[in-house]
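Next up, structure_19.cif (mmCIF, C-alpha atoms and all ligand atoms):
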```cif
data_work
loop_
_atom_site.label_atom_id
_atom_site.label_comp_id
_atom_site.auth_asym_id
_atom_site.auth_seq_id
_atom_site.Cartn_x
_atom_site.Cartn_y
_atom_site.Cartn_z
CA MET A 1 -20.73 4.58 -11.63
CA GLY A 2 -18.94 4.52 -8.29
CA GLY A 3 -21.96 3.23 -6.35
CA LEU A 4 -22.62 0.51 -8.91
CA VAL A 5 -19.05 -0.81 -8.78
CA ALA A 6 -18.79 -0.56 -4.98
CA ALA A 7 -22.07 -2.44 -4.44
CA ASN A 8 -21.03 -5.17 -6.89
CA MET A 9 -17.60 -5.63 -5.34
CA LEU A 10 -18.91 -5.65 -1.77
CA SER A 11 -21.61 -8.16 -2.57
CA LYS A 12 -19.11 -10.40 -4.33
CA LYS A 13 -16.54 -10.20 -1.55
CA LEU A 14 -18.90 -10.49 1.42
CA GLY A 15 -21.58 -12.85 0.14
CA LYS A 16 -25.02 -13.34 1.67
CA ARG A 17 -23.85 -13.08 5.28
CA HIS A 18 -23.85 -9.28 4.96
CA GLU A 19 -26.32 -6.84 3.46
CA VAL A 20 -25.28 -4.48 0.66
CA MET A 21 -27.77 -1.75 -0.25
CA LEU A 22 -27.65 0.62 -3.19
CA VAL A 23 -29.84 3.71 -2.83
CA GLU A 24 -30.60 5.47 -6.12
CA LYS A 25 -33.38 7.87 -7.08
CA LYS A 26 -33.45 6.67 -10.70
CA THR A 27 -34.82 3.31 -11.77
CA LYS A 28 -32.33 2.86 -14.60
CA TYR A 29 -28.58 2.99 -14.85
CA GLU A 30 -27.32 5.02 -17.83
CA PHE A 31 -23.82 4.61 -19.29
CA THR A 32 -22.85 8.28 -19.60
CA PRO A 33 -19.89 7.97 -22.04
CA SER A 34 -22.42 6.78 -24.64
CA TYR A 35 -24.50 9.99 -24.41
CA LEU A 36 -22.24 11.35 -27.18
CA TRP A 37 -23.16 8.39 -29.37
CA LEU A 38 -26.84 9.02 -28.59
CA MET A 39 -26.33 12.56 -29.86
CA MET A 40 -24.84 11.19 -33.08
CA GLY A 41 -27.67 8.69 -33.56
CA TRP A 42 -25.23 5.77 -33.12
CA ARG A 43 -27.06 4.47 -30.02
CA GLU A 44 -30.63 4.24 -28.76
CA PRO A 45 -31.45 4.67 -25.05
CA LEU A 46 -32.26 0.98 -24.55
CA GLN A 47 -28.76 0.02 -25.67
CA ILE A 48 -27.03 2.05 -22.97
CA THR A 49 -29.38 1.65 -20.00
CA ARG A 50 -30.04 -1.19 -17.57
CA ASN A 51 -32.79 -1.65 -14.97
CA LEU A 52 -31.31 -1.28 -11.52
CA SER A 53 -33.75 -3.91 -10.25
CA LEU A 54 -31.45 -6.45 -12.01
CA LEU A 55 -28.99 -5.89 -9.17
CA THR A 56 -31.07 -8.09 -6.88
CA ASN A 57 -29.67 -11.01 -8.96
CA LYS A 58 -26.29 -10.02 -7.54
CA ASP A 59 -27.56 -9.99 -3.95
CA ILE A 60 -27.59 -6.21 -3.86
CA ALA A 61 -30.66 -4.71 -2.18
CA TYR A 62 -31.65 -1.86 -4.49
CA VAL A 63 -33.60 0.88 -2.71
CA ASN A 64 -35.28 3.14 -5.23
CA GLY A 65 -35.55 6.44 -3.40
CA GLU A 66 -34.04 9.85 -2.97
CA VAL A 67 -31.58 10.42 -0.16
CA LEU A 68 -33.02 13.26 1.91
CA GLY A 69 -30.44 13.39 4.67
CA ILE A 70 -27.26 11.80 6.01
CA ASP A 71 -26.68 11.76 9.76
CA PRO A 72 -23.12 10.45 10.23
CA SER A 73 -23.19 10.68 14.04
CA ASN A 74 -26.16 8.31 14.20
CA ARG A 75 -25.15 6.25 11.12
CA LEU A 76 -28.48 7.05 9.52
CA VAL A 77 -29.55 7.75 5.93
CA LYS A 78 -33.02 9.18 5.41
CA THR A 79 -34.61 8.43 2.07
CA THR A 80 -38.02 8.98 0.49
CA THR A 81 -38.57 5.20 0.75
CA LYS A 82 -37.30 4.40 4.25
CA ASN A 83 -34.70 5.28 6.81
CA LEU A 84 -31.57 3.12 6.74
CA THR A 85 -28.93 2.52 9.34
CA TYR A 86 -25.45 1.46 8.31
CA ASP A 87 -22.18 0.05 9.53
CA TYR A 88 -20.34 1.53 6.54
CA LEU A 89 -21.53 4.24 4.17
CA ILE A 90 -20.08 5.04 0.75
CA VAL A 91 -21.31 8.39 -0.60
CA ALA A 92 -21.24 8.30 -4.41
CA LEU A 93 -23.91 10.90 -5.20
CA GLY A 94 -22.00 12.51 -8.06
CA ALA A 95 -22.37 16.12 -9.21
CA GLU A 96 -25.69 17.84 -9.95
CA LEU A 97 -26.37 20.03 -12.94
CA VAL A 98 -27.58 23.58 -12.25
CA PRO A 99 -28.40 25.18 -15.61
CA GLU A 100 -30.44 27.82 -13.76
CA ALA A 101 -27.19 29.20 -12.28
CA ILE A 102 -26.61 31.04 -15.58
CA PRO A 103 -29.34 33.45 -16.66
CA GLY A 104 -30.93 32.35 -19.94
CA PHE A 105 -29.04 29.02 -20.10
CA SER A 106 -32.07 26.73 -19.74
CA GLU A 107 -34.03 28.47 -22.52
CA SER A 108 -31.38 28.09 -25.22
CA ALA A 109 -28.56 25.73 -24.35
CA HIS A 110 -28.41 22.12 -25.45
CA HIS A 111 -26.05 19.63 -23.82
CA THR A 112 -25.03 15.98 -23.56
CA TYR A 113 -25.01 15.77 -19.77
CA THR A 114 -28.28 13.80 -19.39
CA LEU A 115 -29.87 11.15 -21.55
CA GLU A 116 -32.95 13.31 -22.18
CA ALA A 117 -30.88 16.37 -23.14
CA SER A 118 -28.73 14.27 -25.49
CA MET A 119 -31.86 13.00 -27.26
CA LYS A 120 -33.29 16.52 -27.51
CA LEU A 121 -30.00 17.78 -28.93
CA ARG A 122 -30.02 14.98 -31.52
CA GLU A 123 -33.56 15.91 -32.65
CA ASN A 124 -32.69 19.59 -32.97
CA LEU A 125 -29.45 18.90 -34.84
CA ARG A 126 -31.40 17.02 -37.50
CA THR A 127 -33.21 20.18 -38.57
CA PHE A 128 -30.22 22.51 -38.26
CA SER A 129 -29.21 23.55 -41.75
CA GLY A 130 -26.39 26.00 -41.07
CA GLY A 131 -25.14 28.96 -39.04
CA THR A 132 -22.94 29.49 -35.99
CA ILE A 133 -22.77 26.78 -33.33
CA ALA A 134 -21.37 28.13 -30.07
CA ILE A 135 -20.17 25.08 -28.17
CA GLY A 136 -18.22 24.77 -24.94
CA VAL A 137 -17.97 24.75 -21.20
CA SER A 138 -19.92 27.18 -18.99
CA THR A 139 -18.11 27.00 -15.65
CA LEU A 140 -15.63 24.85 -13.71
CA PRO A 141 -15.54 22.18 -12.39
CA PHE A 142 -17.33 19.79 -14.76
CA LYS A 143 -17.28 16.04 -15.21
CA CYS A 144 -15.37 14.33 -17.98
CA PRO A 145 -12.81 16.93 -19.08
CA ALA A 146 -12.74 15.46 -22.61
CA ALA A 147 -16.50 15.31 -23.27
CA PRO A 148 -17.11 18.83 -24.67
CA TYR A 149 -14.08 18.53 -26.98
CA GLU A 150 -15.23 15.12 -28.17
CA ALA A 151 -18.69 16.60 -28.81
CA ALA A 152 -17.19 19.35 -31.01
CA LEU A 153 -15.03 16.89 -32.99
CA LEU A 154 -17.94 14.48 -33.44
CA LEU A 155 -20.25 17.27 -34.61
CA ASP A 156 -17.67 18.44 -37.14
CA TYR A 157 -17.82 14.90 -38.53
CA TYR A 158 -21.64 14.84 -38.30
CA PHE A 159 -21.98 17.92 -40.52
CA ARG A 160 -19.35 16.64 -42.98
CA GLU A 161 -21.38 13.45 -43.32
CA ARG A 162 -24.49 15.54 -43.97
CA GLY A 163 -22.56 17.49 -46.62
CA ILE A 164 -23.18 20.88 -45.00
CA ARG A 165 -19.99 21.42 -42.99
CA ASP A 166 -19.19 24.52 -45.07
CA LYS A 167 -22.43 26.09 -43.82
CA VAL A 168 -21.58 25.56 -40.14
CA ASN A 169 -19.26 27.80 -38.17
CA PHE A 170 -18.05 26.41 -34.80
CA GLN A 171 -16.97 28.66 -31.91
CA PHE A 172 -15.61 26.71 -28.92
CA PHE A 173 -15.49 28.58 -25.58
CA THR A 174 -14.18 27.46 -22.17
CA PRO A 175 -12.98 29.01 -18.90
CA GLU A 176 -9.94 26.69 -19.15
CA PRO A 177 -6.65 28.14 -20.43
CA LEU A 178 -6.33 25.18 -22.82
CA PRO A 179 -8.21 21.89 -23.25
CA MET A 180 -8.00 19.54 -20.24
CA PRO A 181 -5.35 21.59 -18.39
CA VAL A 182 -4.81 18.95 -15.69
CA ALA A 183 -3.53 16.60 -18.41
CA GLY A 184 -0.77 19.10 -19.20
CA PRO A 185 0.21 21.18 -22.23
CA ALA A 186 1.10 18.25 -24.56
CA VAL A 187 -2.45 16.85 -24.42
CA GLY A 188 -4.08 20.30 -24.31
CA ASN A 189 -2.18 21.65 -27.30
CA ARG A 190 -2.83 18.48 -29.24
CA ILE A 191 -6.59 18.80 -28.74
CA ARG A 192 -6.42 22.50 -29.58
CA ARG A 193 -4.62 21.64 -32.82
CA MET A 194 -7.28 19.01 -33.60
CA LEU A 195 -9.99 21.65 -33.18
CA GLU A 196 -8.14 24.17 -35.30
CA ALA A 197 -7.37 21.63 -38.02
CA ARG A 198 -11.13 21.13 -38.34
CA GLY A 199 -11.82 24.84 -38.54
CA ILE A 200 -13.25 25.10 -34.99
CA ASP A 201 -12.37 28.48 -33.45
CA PHE A 202 -11.11 28.18 -29.86
CA TYR A 203 -11.80 30.79 -27.15
CA PRO A 204 -9.95 29.88 -23.89
CA ASN A 205 -10.29 31.75 -20.56
CA SER A 206 -13.92 32.52 -21.37
CA LYS A 207 -16.30 31.91 -18.45
CA LEU A 208 -19.96 32.04 -19.46
CA LEU A 209 -21.90 34.80 -17.69
CA SER A 210 -25.32 34.85 -19.36
CA VAL A 211 -27.31 33.76 -22.39
CA ASP A 212 -29.52 36.28 -24.15
CA SER A 213 -32.01 33.97 -25.86
CA PRO A 214 -33.98 36.58 -27.86
CA GLN A 215 -30.75 38.14 -29.19
CA LYS A 216 -29.05 34.70 -29.53
CA GLU A 217 -25.94 35.96 -27.86
CA ILE A 218 -23.73 34.68 -25.02
CA SER A 219 -21.67 36.96 -22.77
CA PHE A 220 -18.48 36.11 -20.94
CA GLU A 221 -17.09 37.36 -17.64
CA LYS A 222 -14.23 39.14 -19.41
CA GLY A 223 -16.73 41.23 -21.40
CA GLU A 224 -16.79 39.58 -24.84
CA ASN A 225 -19.89 38.26 -26.64
CA ILE A 226 -20.54 35.55 -29.24
CA LYS A 227 -23.62 35.45 -31.47
CA PHE A 228 -25.02 31.98 -32.06
CA ASP A 229 -27.68 30.17 -34.04
CA PHE A 230 -27.32 26.98 -31.98
CA LEU A 231 -25.88 26.72 -28.47
CA ILE A 232 -24.36 23.61 -26.87
CA ALA A 233 -22.75 24.01 -23.45
CA VAL A 234 -21.79 21.94 -20.42
CA PRO A 235 -24.17 23.15 -17.68
CA PRO A 236 -22.75 24.40 -14.36
CA HIS A 237 -22.24 21.66 -11.76
CA LYS A 238 -22.70 21.64 -7.98
CA SER A 239 -22.61 19.06 -5.22
CA PRO A 240 -25.88 17.51 -4.00
CA ASN A 241 -27.55 19.48 -1.16
CA VAL A 242 -27.60 16.45 1.15
CA VAL A 243 -23.82 16.24 1.41
CA ARG A 244 -23.55 19.93 2.20
CA GLU A 245 -26.34 19.73 4.78
CA ALA A 246 -24.59 16.72 6.38
CA GLY A 247 -21.55 18.90 7.01
CA LEU A 248 -19.29 16.71 4.89
CA THR A 249 -18.06 19.36 2.44
CA ASN A 250 -15.39 22.03 2.03
CA GLU A 251 -16.05 25.71 1.17
CA ALA A 252 -16.52 24.81 -2.52
CA GLY A 253 -19.23 22.27 -1.60
CA TRP A 254 -17.33 19.05 -2.42
CA ILE A 255 -16.28 16.33 0.04
CA PRO A 256 -12.58 16.37 0.95
CA VAL A 257 -11.27 12.82 1.36
CA ASP A 258 -8.01 11.10 2.09
CA LYS A 259 -6.60 10.81 -1.42
CA LYS A 260 -5.50 7.18 -1.00
CA THR A 261 -8.21 5.67 1.23
CA LEU A 262 -11.21 7.92 0.37
CA THR A 263 -12.15 8.22 4.04
CA THR A 264 -13.88 11.37 5.25
CA ARG A 265 -13.62 12.74 8.77
CA TYR A 266 -15.81 9.81 9.86
CA ASP A 267 -14.02 6.42 9.90
CA ASP A 268 -17.10 4.54 8.66
CA LEU A 269 -18.04 7.03 5.95
CA TYR A 270 -16.28 7.05 2.57
CA ALA A 271 -16.86 9.31 -0.42
CA ILE A 272 -15.90 8.45 -3.99
CA GLY A 273 -16.25 9.88 -7.48
CA ASP A 274 -17.49 13.25 -8.64
CA VAL A 275 -18.76 14.34 -5.22
CA THR A 276 -15.21 14.43 -3.81
CA ALA A 277 -12.48 17.06 -3.85
CA ILE A 278 -8.94 15.67 -4.19
CA LYS A 279 -6.18 18.22 -4.45
CA LEU A 280 -3.10 17.24 -6.45
CA PHE A 281 0.47 18.23 -5.53
CA ASP A 282 0.36 21.47 -7.55
CA GLY A 283 -3.04 22.63 -6.30
CA MET A 284 -5.00 21.37 -9.32
CA MET A 285 -7.90 19.03 -8.60
CA LEU A 286 -8.30 15.39 -9.66
CA PRO A 287 -10.76 15.55 -12.58
CA LYS A 288 -14.31 14.34 -12.15
CA ALA A 289 -14.40 11.18 -14.27
CA GLY A 290 -15.93 7.73 -14.14
CA VAL A 291 -12.55 6.05 -14.44
CA PHE A 292 -11.61 7.45 -11.02
CA ALA A 293 -15.03 6.74 -9.46
CA HIS A 294 -14.58 3.13 -10.61
CA ALA A 295 -11.05 2.69 -9.27
CA GLN A 296 -11.92 4.38 -5.97
CA ALA A 297 -14.98 2.14 -5.59
CA GLU A 298 -12.82 -0.97 -5.95
CA VAL A 299 -10.37 0.26 -3.30
CA VAL A 300 -13.07 1.23 -0.79
CA ALA A 301 -15.08 -1.99 -1.30
CA HIS A 302 -11.92 -4.06 -0.86
CA ASN A 303 -10.91 -2.27 2.34
CA ILE A 304 -14.39 -2.51 3.87
CA ALA A 305 -14.42 -6.23 3.07
CA VAL A 306 -11.01 -6.61 4.74
CA ASP A 307 -12.34 -4.77 7.82
CA ILE A 308 -15.40 -6.98 8.04
CA ALA A 309 -14.19 -10.37 6.89
CA GLY A 310 -10.43 -10.07 7.42
CA GLY A 311 -7.85 -11.53 5.08
CA GLY A 312 -5.76 -9.64 2.59
CA GLU A 313 -3.85 -6.39 2.57
CA ARG A 314 -5.62 -3.04 2.48
CA LYS A 315 -5.38 -1.23 -0.87
CA GLU A 316 -4.78 2.41 -1.82
CA PHE A 317 -6.13 4.46 -4.72
CA ASP A 318 -3.12 5.38 -6.88
CA GLY A 319 -4.59 8.23 -8.96
CA LYS A 320 -4.07 6.39 -12.24
CA GLY A 321 -6.61 6.81 -15.03
CA TYR A 322 -7.11 6.82 -18.78
CA CYS A 323 -9.40 8.50 -21.25
CA PHE A 324 -10.58 7.70 -24.76
CA ILE A 325 -11.02 10.83 -26.90
CA GLU A 326 -13.49 10.46 -29.75
CA ALA A 327 -12.41 12.38 -32.81
CA GLY A 328 -15.06 11.58 -35.43
CA SER A 329 -14.61 9.44 -38.59
CA GLY A 330 -14.86 6.33 -36.38
CA LYS A 331 -11.48 7.20 -34.84
CA ALA A 332 -10.35 8.01 -31.31
CA GLY A 333 -7.23 8.65 -29.24
CA LEU A 334 -6.24 7.31 -25.83
CA ALA A 335 -4.35 9.10 -23.05
CA SER A 336 -3.39 7.66 -19.69
CA GLY A 337 -2.18 9.48 -16.63
CA GLU A 338 -0.61 9.05 -13.20
CA PHE A 339 -2.29 11.92 -11.44
CA TYR A 340 -0.62 11.36 -8.05
CA ALA A 341 2.86 11.39 -9.53
CA GLU A 342 4.98 14.48 -8.84
CA PRO A 343 5.24 15.77 -11.49
CA ARG A 344 2.12 14.27 -13.09
CA VAL A 345 2.73 11.83 -15.92
CA VAL A 346 0.35 11.82 -18.87
CA ASN A 347 1.01 9.62 -21.90
CA ILE A 348 -0.63 9.86 -25.29
CA LYS A 349 -0.88 6.22 -26.30
CA SER A 350 -0.29 6.60 -30.02
CA PRO A 351 0.90 9.47 -32.17
CA LYS A 352 -2.23 9.32 -34.32
CA ILE A 353 -5.92 8.91 -33.63
CA SER A 354 -7.01 5.51 -34.85
CA ARG A 355 -9.92 3.14 -35.34
CA ILE A 356 -8.45 0.86 -32.69
CA TRP A 357 -9.22 3.24 -29.82
CA HIS A 358 -12.75 3.84 -31.13
CA LEU A 359 -13.20 0.07 -31.17
CA GLY A 360 -11.68 -0.02 -27.68
CA LYS A 361 -14.34 2.40 -26.48
CA ILE A 362 -17.11 0.27 -27.99
CA LEU A 363 -15.72 -2.86 -26.32
CA PHE A 364 -15.44 -1.03 -23.03
CA GLU A 365 -19.11 0.02 -23.23
CA LYS A 366 -20.17 -3.60 -23.87
CA TYR A 367 -17.92 -4.92 -21.12
CA TRP A 368 -19.16 -2.37 -18.58
CA LEU A 369 -22.85 -3.07 -19.13
CA TRP A 370 -22.22 -6.83 -18.96
CA ARG A 371 -19.83 -6.72 -15.97
CA TRP A 372 -22.01 -4.94 -13.44
CA PHE A 373 -25.50 -6.27 -14.34
C1 LIG B 401 -21.31 13.02 -21.87
C2 LIG B 401 -20.45 12.39 -20.81
C3 LIG B 401 -19.41 11.57 -21.18
C4 LIG B 401 -18.59 11.00 -20.22
N1 LIG B 401 -17.58 10.19 -20.63
C5 LIG B 401 -16.75 9.67 -19.71
C6 LIG B 401 -15.67 8.84 -20.13
O1 LIG B 401 -15.52 8.54 -21.31
N2 LIG B 401 -14.83 8.38 -19.18
C7 LIG B 401 -14.98 8.70 -17.84
O2 LIG B 401 -14.15 8.27 -17.03
N3 LIG B 401 -15.99 9.49 -17.42
C8 LIG B 401 -16.88 9.97 -18.32
N4 LIG B 401 -17.93 10.76 -17.90
C9 LIG B 401 -18.00 11.15 -16.49
C10 LIG B 401 -18.70 10.11 -15.63
O3 LIG B 401 -20.01 9.88 -16.08
C11 LIG B 401 -18.75 10.56 -14.19
O4 LIG B 401 -17.53 11.09 -13.79
C12 LIG B 401 -19.13 9.39 -13.30
O5 LIG B 401 -20.44 8.96 -13.60
C13 LIG B 401 -19.02 9.74 -11.83
O6 LIG B 401 -19.44 8.65 -11.07
P1 LIG B 401 -20.10 8.90 -9.63
O7 LIG B 401 -20.40 7.57 -9.09
O8 LIG B 401 -19.28 9.83 -8.84
O9 LIG B 401 -21.45 9.70 -9.95
P2 LIG B 401 -22.65 9.33 -10.91
O10 LIG B 401 -22.29 8.26 -11.85
O11 LIG B 401 -23.15 10.62 -11.45
O12 LIG B 401 -23.73 8.73 -9.93
C14 LIG B 401 -24.36 9.49 -8.94
C15 LIG B 401 -25.74 8.90 -8.75
O13 LIG B 401 -26.32 9.42 -7.56
C16 LIG B 401 -27.69 9.60 -7.81
N5 LIG B 401 -28.15 10.58 -6.84
C17 LIG B 401 -27.74 11.86 -6.71
N6 LIG B 401 -28.36 12.45 -5.67
C18 LIG B 401 -29.18 11.52 -5.14
C19 LIG B 401 -30.06 11.51 -4.04
N7 LIG B 401 -30.22 12.58 -3.26
N8 LIG B 401 -30.73 10.37 -3.76
C20 LIG B 401 -30.58 9.25 -4.52
N9 LIG B 401 -29.74 9.20 -5.58
C21 LIG B 401 -29.05 10.32 -5.88
C22 LIG B 401 -27.77 10.07 -9.23
O14 LIG B 401 -29.07 9.83 -9.77
C23 LIG B 401 -26.68 9.25 -9.91
O15 LIG B 401 -27.18 8.08 -10.48
C24 LIG B 401 -18.80 11.29 -18.84
C25 LIG B 401 -19.86 12.11 -18.46
C26 LIG B 401 -20.69 12.65 -19.43
C27 LIG B 401 -21.85 13.51 -18.99
#
```

Taking this structure as input, can you express it in the form of structure tokens?
Ligand SMILES: Cc1cc2nc3c(=O)[nH]c(=O)nc-3n(C[C@H](O)[C@H](O)[C@H](O)COP(=O)(O)OP(=O)(O)OC[C@H]3O[C@@H](n4cnc5c(N)ncnc54)[C@H](O)[C@@H]3O)c2cc1C
Amino acid sequence: MGGLVAANMLSKKLGKRHEVMLVEKKTKYEFTPSYLWLMMGWREPLQITRNLSLLTNKDIAYVNGEVLGIDPSNRLVKTTTKNLTYDYLIVALGAELVPEAIPGFSESAHHTYTLEASMKLRENLRTFSGGTIAIGVSTLPFKCPAAPYEAALLLDYYFRERGIRDKVNFQFFTPEPLPMPVAGPAVGNRIRRMLEARGIDFYPNSKLLSVDSPQKEISFEKGENIKFDFLIAVPPHKSPNVVREAGLTNEAGWIPVDKKTLTTRYDDLYAIGDVTAIKLFDGMMLPKAGVFAHAQAEVVAHNIAVDIAGGGERKEFDGKGYCFIEAGSGKAGLASGEFYAEPRVVNIKSPKISRIWHLGKILFEKYWLWRWF
């Protein structure tokens, strides 16, 4: 998301006199918020993907290759396609999934964190006729703090629609003390109440340790177990190897950046989005979410364009963001936050979930896929 926005904005601001390159190992862009709708059967892959080769129409040179190394001292990026030199580099490599970090996870756990996994989950849900669904978050950090909760609420609706909700028992587990803790107790308790109102049991402070596939049982660090018939869990995340090997990261493996300008310790090297680590005033971290990757990309692209072409004031990322929360029944909620405020300000936009916010999310999906391609 961040790379796509940054490349678009740079190309638009700088025109043909400068070269903007987007390096990406995939050939297609996938709109991740719609993975949940894929799971529900409300979208097909073609509706939420776009060929990255279309970016050449926007004067963006798309290099389809894997980044193998970043050498900031020599302003060099090594890829499987070619080696590239740069005047400015924006690292927007996101977070990688490492299901293998939890013993047994890959054999049993479904998830919505890739397009392929969302489709596989959808197929397997179709033949599920009842039993216990253990659903939740394996480890922290993970991208999109709302996504696993939305998945649970949507699946509650899915089984109601199929007329077998009474045969399905949901157990939601997470290492978090309450849903989306960075959004504060008002949002967290509201989501917890939404889960409980739908008969979804909630197990906070439960970090997944292992999955026993033959026994169909998950174990948590604090020593408790849950038996399951169907397992859905956010896989563990880590930063891409190349950013660690380039010496850009902190002890946790993420890239620390200036929270307003997104610069790293190299003046010509920026990092945005999920790959970064931005500490908030109380020690909590800025969540990994596309809304921030997007806003950061606009700031960095603007400032690079000012450096190169002059004109205009430099901008700063203000830590503001918003989040739609799908709740099933064609309804959603919306929360917005000022994450750099001290104390943080998070507003729930309306007292009730409503069709309007679900419609808002649909319009946003359409807008996004039109805007950047
Ligand atoms: C189910 C789901 C729902 C979500 N819903 C929302 C939502 O509603 N709102 C929201 O704000 N966020 C949402 N997100 C989170 C959002 O998708 C991410 O936070 C966002 O994509 C981060 O943008 P990014 O640019 O940092 O990384 P990404 O968008 O992940 O992009 C990183 C790119 O780098 C590429 N890459 C990685 N390593 C290499 C390499 N070595 N060489 C070449 N290419 C490489 C990857 O293929 C990837 O395309 C959701 C995520 C999921 C999984």

Exercise. What gap, in Å, lies between CA of Phe292 (chain A) and CA of Glu365 (chain A)?
Worked result: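 Computing the Euclidean distance for CA of Phe292 (chain A) and CA of Glu365 (chain A) yields 16.1 Å.
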
Using all atoms listed in the file, tabulate the residues of chain A lying at most 8 Å from any atom of ligand LIG 401 (chain B), each with its closest atom pair and that distance in Å to one decimal, by chain and increasing residue number, as a Markdown table.
```
| residue | atom | partner | partner_atom | distance |
| --- | --- | --- | --- | --- |
| A:Met1 | CA | B:LIG401 | O7 | 3.9 |
| A:Gly2 | CA | B:LIG401 | O7 | 3.5 |
| A:Gly3 | CA | B:LIG401 | O7 | 5.4 |
| A:Leu4 | CA | B:LIG401 | O7 | 7.4 |
| A:Val23 | CA | B:LIG401 | C20 | 5.8 |
| A:Glu24 | CA | B:LIG401 | N9 | 3.9 |
| A:Lys25 | CA | B:LIG401 | C20 | 4.0 |
| A:Lys26 | CA | B:LIG401 | O14 | 5.5 |
| A:Tyr29 | CA | B:LIG401 | O15 | 6.9 |
| A:Glu30 | CA | B:LIG401 | O15 | 8.0 |
| A:Phe31 | CA | B:LIG401 | O3 | 7.3 |
| A:Thr32 | CA | B:LIG401 | O3 | 4.8 |
| A:Pro33 | CA | B:LIG401 | N1 | 3.5 |
| A:Ser34 | CA | B:LIG401 | C3 | 6.6 |
| A:Tyr35 | CA | B:LIG401 | C1 | 5.1 |
| A:Leu36 | CA | B:LIG401 | C1 | 5.6 |
| A:Asn64 | CA | B:LIG401 | C20 | 7.7 |
| A:Gly65 | CA | B:LIG401 | C20 | 5.8 |
| A:Glu66 | CA | B:LIG401 | N8 | 3.4 |
| A:Val67 | CA | B:LIG401 | N8 | 3.7 |
| A:Leu68 | CA | B:LIG401 | N7 | 5.9 |
| A:Gly69 | CA | B:LIG401 | N7 | 8.0 |
| A:Thr79 | CA | B:LIG401 | N8 | 7.3 |
| A:Ala92 | CA | B:LIG401 | O7 | 4.8 |
| A:Leu93 | CA | B:LIG401 | O13 | 3.7 |
| A:Gly94 | CA | B:LIG401 | O9 | 3.4 |
| A:Ala95 | CA | B:LIG401 | O11 | 6.0 |
| A:Glu96 | CA | B:LIG401 | C17 | 7.1 |
| A:Thr112 | CA | B:LIG401 | C1 | 5.0 |
| A:Tyr113 | CA | B:LIG401 | C27 | 4.0 |
| A:Thr114 | CA | B:LIG401 | C27 | 6.4 |
| A:Lys143 | CA | B:LIG401 | C9 | 5.1 |
| A:Cys144 | CA | B:LIG401 | C9 | 4.4 |
| A:Ala146 | CA | B:LIG401 | N1 | 7.4 |
| A:Ala147 | CA | B:LIG401 | C3 | 5.2 |
| A:Pro148 | CA | B:LIG401 | C1 | 7.7 |
| A:Pro240 | CA | B:LIG401 | N6 | 5.9 |
| A:Asn241 | CA | B:LIG401 | N7 | 7.7 |
| A:Val242 | CA | B:LIG401 | N7 | 6.4 |
| A:Ile272 | CA | B:LIG401 | O8 | 6.1 |
| A:Gly273 | CA | B:LIG401 | O8 | 3.3 |
| A:Asp274 | CA | B:LIG401 | O8 | 3.9 |
| A:Val275 | CA | B:LIG401 | O8 | 5.8 |
| A:Thr276 | CA | B:LIG401 | O8 | 7.9 |
| A:Lys288 | CA | B:LIG401 | O4 | 4.9 |
| A:Ala289 | CA | B:LIG401 | O4 | 3.2 |
| A:Gly290 | CA | B:LIG401 | O2 | 3.4 |
| A:Val291 | CA | B:LIG401 | O2 | 3.8 |
| A:Phe292 | CA | B:LIG401 | O2 | 6.6 |
| A:Ala293 | CA | B:LIG401 | O6 | 5.1 |
| A:His294 | CA | B:LIG401 | O6 | 7.4 |
| A:Gly321 | CA | B:LIG401 | O2 | 7.9 |
| A:Tyr322 | CA | B:LIG401 | O2 | 7.4 |
| A:Cys323 | CA | B:LIG401 | N2 | 5.8 |
| A:Phe324 | CA | B:LIG401 | O1 | 6.1 |
| A:Ile325 | CA | B:LIG401 | O1 | 7.5 |
```

Problem set entry | Nearest to Arg75 (chain A), chosen from A:Asp258, A:Asp318, A:Asp267, A:Asp87, with only C-alpha atoms counted in the distances |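 Selected residue with least distance to Arg75 (chain A): A:Asp87.
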
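Close contacts of Asn74 (chain A), defined as residues with an atom at most 12 Å away when counting only C-alpha atoms, with chain neighbours fewer than 2 positions off set aside, comprise Gly69, Ile70, Asp71, Pro72, Leu76, Val77, Lys78, Asn83, Leu84, Thr85, Tyr86, Asp87, Tyr88, Leu89, Ala246, Tyr266, Asp268 and Leu269 of chain A.
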
Problem set entry | Which residue of A:Gly223, A:Gly184, A:Gly283, A:Pro204 approaches Val345 (chain A) most closely, using all atoms listed in the file | A:Gly184

For this session: Enter the distance from CA of Asn51 (chain A) to CA of Trp372 (chain A), in Å, rounded to one decimal.
Result: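 One can read the CA of Asn51 (chain A) to CA of Trp372 (chain A) distance as 11.4 Å.
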
Exercise. Interatomic distance between CA of Lys82 (chain A) and CA of Thr264 (chain A)?
Worked result: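 Taking CA of Lys82 (chain A) and CA of Thr264 (chain A), their separation equals 24.5 Å.
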
Problem set entry | Nearest to Leu97 (chain A) by atom-to-atom distance, counting only C-alpha atoms, from A:Lys238, A:Phe173, A:Glu251, A:Ala134 |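 Going through A:Lys238, A:Phe173, A:Glu251, A:Ala134 one by one, the smallest distance to Leu97 (chain A) is for A:Lys238.
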